[in-house]
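Peer 1: Shown below is the structure under consideration.
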Amino acid sequence: MLREFPPPPRADEFSELIKQRLEEVRAAGGTRETATVEWNGQQIHVDVIDLPLSGLYLNPGTHRIRAQRSHHPDQDRNLDKDPFGEVGQVYLAGLLKARPSNPDLRDPDFDKLKEDLSQFGQNDPGLVTHHGVLVNGNTRAVALRELGKQSMRVGVLPPSFTQADIDAVELALQLRQDQRRDYSYINRLLAMEEQATLGRTPEQIAKEFRIRTATYHQERWILSVIKELNDRSASGGGVALRLVDWEGAQERLKELQRLYVKLESLDRDQAEILKEWRLAAILLDFSKTDVRHIDEVFLDEGYLGKVLPVDLADSGGAAQAESVSIPGLGLDVPAASTAVSAARALNDRILRAAATVRNTSAGLADSQKAEAQTVLDGAKDAFDKAIDSHGRDARVRKRKQLAPARLADACANIDQCVVELVQARTSNSLDEEAFDEAVLKLQGSMRKLAQQAGRGMPNPGDGVSWLLAAVTAEGSR
């Protein structure tokens, strides 16, 4: 959601400094450095000036670290209360230096940016509001401060720009293809959601993000699922999963959405169960190829139920009611099936355990985390065994189908050969000698096939019986 921020401390004083420097640049004559900004479908040019880094503020609303802010909930709440205070600004700086998928680790891309700035200086100017809040260049500002630089070149947006204008400008700049450091996946999803709240159509947002409209709808579905799971992980109180916990799952989530859409129109319950199980596997950090094994066959054959620990298998509790009454309307709608409810209950156990283990705030006893880790270990072991069993069986099924599939291909080739033989004879272009040699090769191949097909088949079917009889008759001549 779009949020208006109050002016930072000493905003009027810094605004006056910006105004003076802009006047000095304009009065100096000659060619002025400008920055080009895309706004409302048009390009505007703003003057670039040099401002002290000590007076610039990191943008608490930047899309670059929107998801990562929840990494430390206490500090995130403090940032909401005092976005331009020292503690909040230090937290923002730390997130801008960290890996999007794991804010506890320093991002190698940040160090590359810092090294580039050290060797070549600042090539492109940042962008600030007339109060000195950075709109673009937050990460560069942090890197320049670590390098001990005292100032930064920035373009200054007009004082009339609203928060919505500022956010739109930031998005336009960051979504250019030549940016050195792209938004993380979850932050892109949040940026799309924010644009939708501003009343922009899916087609407009898709164009702005350089994606297809269908992809936009896919991304919105994924974000809604993530938010639902985060809420479910906190049900019953306690800590909850964070948006940052889903960084790195982009391709697995997209494959899940495609599978869900395909199955939903055929069997809604099947689609819901596979969605819950795949999401649990994603949270348990299974690879993309492993997650793919959780499919219709995985469900029909009951691979997971065979290996699930008793305490997790009982997560579903009692059977659900057949219908749910809607208060005030006097209507009954079908409730989720018992199988769907059990899948959701299992996933809820895993979600809450993951939220407890990944919690970075103080207040949880070691025994709680140990208990939650036991749940995760048991679930991961069960999923691992089930996926491995399905994988082995799939390979066996594939091997069983290889020989029939090869023979079917050979039949298709022979049928095509009949057509081409007729055409060659009609045009009097058949190479009879080459054709005769090919038929002899076919004869040899048929003998080998009959020899192998006759082994280990005490009661051969009609097809194999015909093959054995034909080869036997041919050999008796």
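Residues in the structure tokens are numbered from 1 in each chain, the chains being A, B, ... in the order shown, and ligands are numbered from 1 in the order shown.
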So that I can check the secondary structure, give me every residue of range 48-177 of chain A assigned helix (DSSP H, G or I) by backbone DSSP, as a ChimeraX atom specification.

Peer 2: /A:53-55,63-65,68-71,73-81,86-97,108-120,138-146,163-174

Peer 1: Set out as CSV a contact list for range 148-247 of chain A and range 134-137 of chain A with a cut-off of 9 Å, giving each residue of range 148-247 of chain A that qualifies its closest atom pair and distance in Å to one decimal, counting only C-alpha atoms, ordered by chain and rising residue number.

Peer 2:
```
residue,atom,partner,partner_atom,distance
A:Val154,CA,A:Gly137,CA,8.4
A:Ile166,CA,A:Val135,CA,6.9
A:Asp167,CA,A:Val135,CA,7.9
A:Val169,CA,A:Val135,CA,8.0
A:Glu170,CA,A:Val135,CA,6.0
A:Leu173,CA,A:Asn136,CA,7.5
A:Gln174,CA,A:Asn136,CA,8.0
```

Peer 1: Determine, counting only C-alpha atoms, which protein, DNA and RNA residues have an atom within 9 Å of an atom of Ala191 in chain A; residues of the same chain fewer than 5 positions away are not included. Present the result as number ranges by chain.

Peer 2: A: 63, 66, 171, 186, 196

Peer 1: Taking only range 115-295 of chain A into account, list the residues labelled strand (DSSP E or B) by DSSP (computed from the backbone), as a ChimeraX atom specification.

Peer 2: /A:126-128,133-136,151-156

Peer 1: Find the residues of range 228-289 of chain A that sit at most 12 Å from range 72-81 of chain A; for each, write down the nearest two atoms and how far apart they are in Å, to one decimal. Count only C-alpha atoms. Sort by chain, then by number going up, and give it as a tab-separated table.

Peer 2:
```
residue	atom	partner	partner_atom	distance
A:Val239	CA	A:Pro73	CA	9.5
A:Ala240	CA	A:Pro73	CA	9.7
A:Leu241	CA	A:Pro73	CA	10.5
A:Arg242	CA	A:Pro73	CA	8.8
A:Leu243	CA	A:Pro73	CA	11.3
A:Val244	CA	A:His72	CA	10.5
A:Asp245	CA	A:His72	CA	11.9
```

Peer 1: Set the distance at 10 Å and use only C-alpha atoms: which residues neighbour Tyr57 in chain A once local chain neighbours fewer than 5 positions away are removed? I'd like the list as a ChimeraX atom specification.

Peer 2: /A:8-9,83-86,89,128-129,131-135,138,141

Peer 1: Between CA of Leu364 in chain A and CA of Asn230 in chain A, measure the distance and give it in Å to one decimal.

Peer 2: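 Here the two named atoms are 18.3 Å from each other.
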
Peer 1: Mind checking which residues fall within 12 Å of Asp269 in chain A, counting only C-alpha atoms, ignoring those fewer than 6 positions away in the same chain, and posting them as a VMD selection string?

Peer 2: chain A and resid 260 263 275 to 276 296 299 334 to 344

Peer 1: Can you tell me how far CA of Leu51 in chain A sits from CA of Ala27 in chain A, in Å to one decimal?

Peer 2: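 Separation between CA of Leu51 in chain A and CA of Ala27 in chain A: 17.5 Å.
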
Peer 1: Would you list the contacts of Ala394 in chain A as a ChimeraX atom specification, taking every protein, DNA or RNA residue within 12 Å and counting only C-alpha atoms, but skipping same-chain residues closer than 5 positions in sequence?

Peer 2: /A:292-295,297-298,301,387-389,399-401

Peer 1: I want to know what sits within 12 Å of Thr374 in chain A, based on only C-alpha atoms, with residues of the same chain fewer than 4 positions away left out; could you give that as a PyMOL selection string?

Peer 2: chain A and resi 309+311-312+349-350+353-354+356-357+367-370+378-381

Peer 1: Store the residues picked out above, limited to C-alpha atoms, as a PDB file, in the first residue's frame.

Peer 2:
```
ATOM      1  CA  PRO A 309       5.163 -39.726  10.687  1.00  0.00           C
ATOM      2  CA  ASP A 311       2.205 -37.031  14.567  1.00  0.00           C
ATOM      3  CA  LEU A 312       2.172 -35.259  11.187  1.00  0.00           C
ATOM      4  CA  ARG A 349       2.137 -27.425  10.936  1.00  0.00           C
ATOM      5  CA  ILE A 350       5.087 -26.975   8.603  1.00  0.00           C
ATOM      6  CA  ALA A 353       7.391 -24.673  12.533  1.00  0.00           C
ATOM      7  CA  ALA A 354       9.295 -22.843   9.781  1.00  0.00           C
ATOM      8  CA  THR A 356       9.462 -20.455  14.624  1.00  0.00           C
ATOM      9  CA  VAL A 357      12.823 -21.747  13.377  1.00  0.00           C
ATOM     10  CA  SER A 367      12.933 -25.675  23.488  1.00  0.00           C
ATOM     11  CA  GLN A 368      10.320 -24.116  21.184  1.00  0.00           C
ATOM     12  CA  LYS A 369      12.778 -23.844  18.341  1.00  0.00           C
ATOM     13  CA  ALA A 370      14.018 -27.381  18.940  1.00  0.00           C
ATOM     14  CA  GLY A 378      10.271 -35.146  10.183  1.00  0.00           C
ATOM     15  CA  ALA A 379       8.384 -33.468   7.349  1.00  0.00           C
ATOM     16  CA  LYS A 380      11.473 -33.109   5.182  1.00  0.00           C
ATOM     17  CA  ASP A 381      12.441 -36.741   5.710  1.00  0.00           C
TER      18      ASP A 381
END
```

Peer 1: Restricting the calculation to only C-alpha atoms, which member of A:Arg212, A:Lys114, A:Lys441, A:Arg278 is positioned closest to Phe383 in chain A?

Peer 2: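 Of the candidates, the smallest distance to Phe383 in chain A is held by A:Arg278.
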
Peer 1: Compare A:Arg64, A:His390, A:Lys227, A:Arg210 by their minimum atom-to-atom distance to Val291 in chain A, counting only C-alpha atoms, and give me the closest one.

Peer 2: A:His390
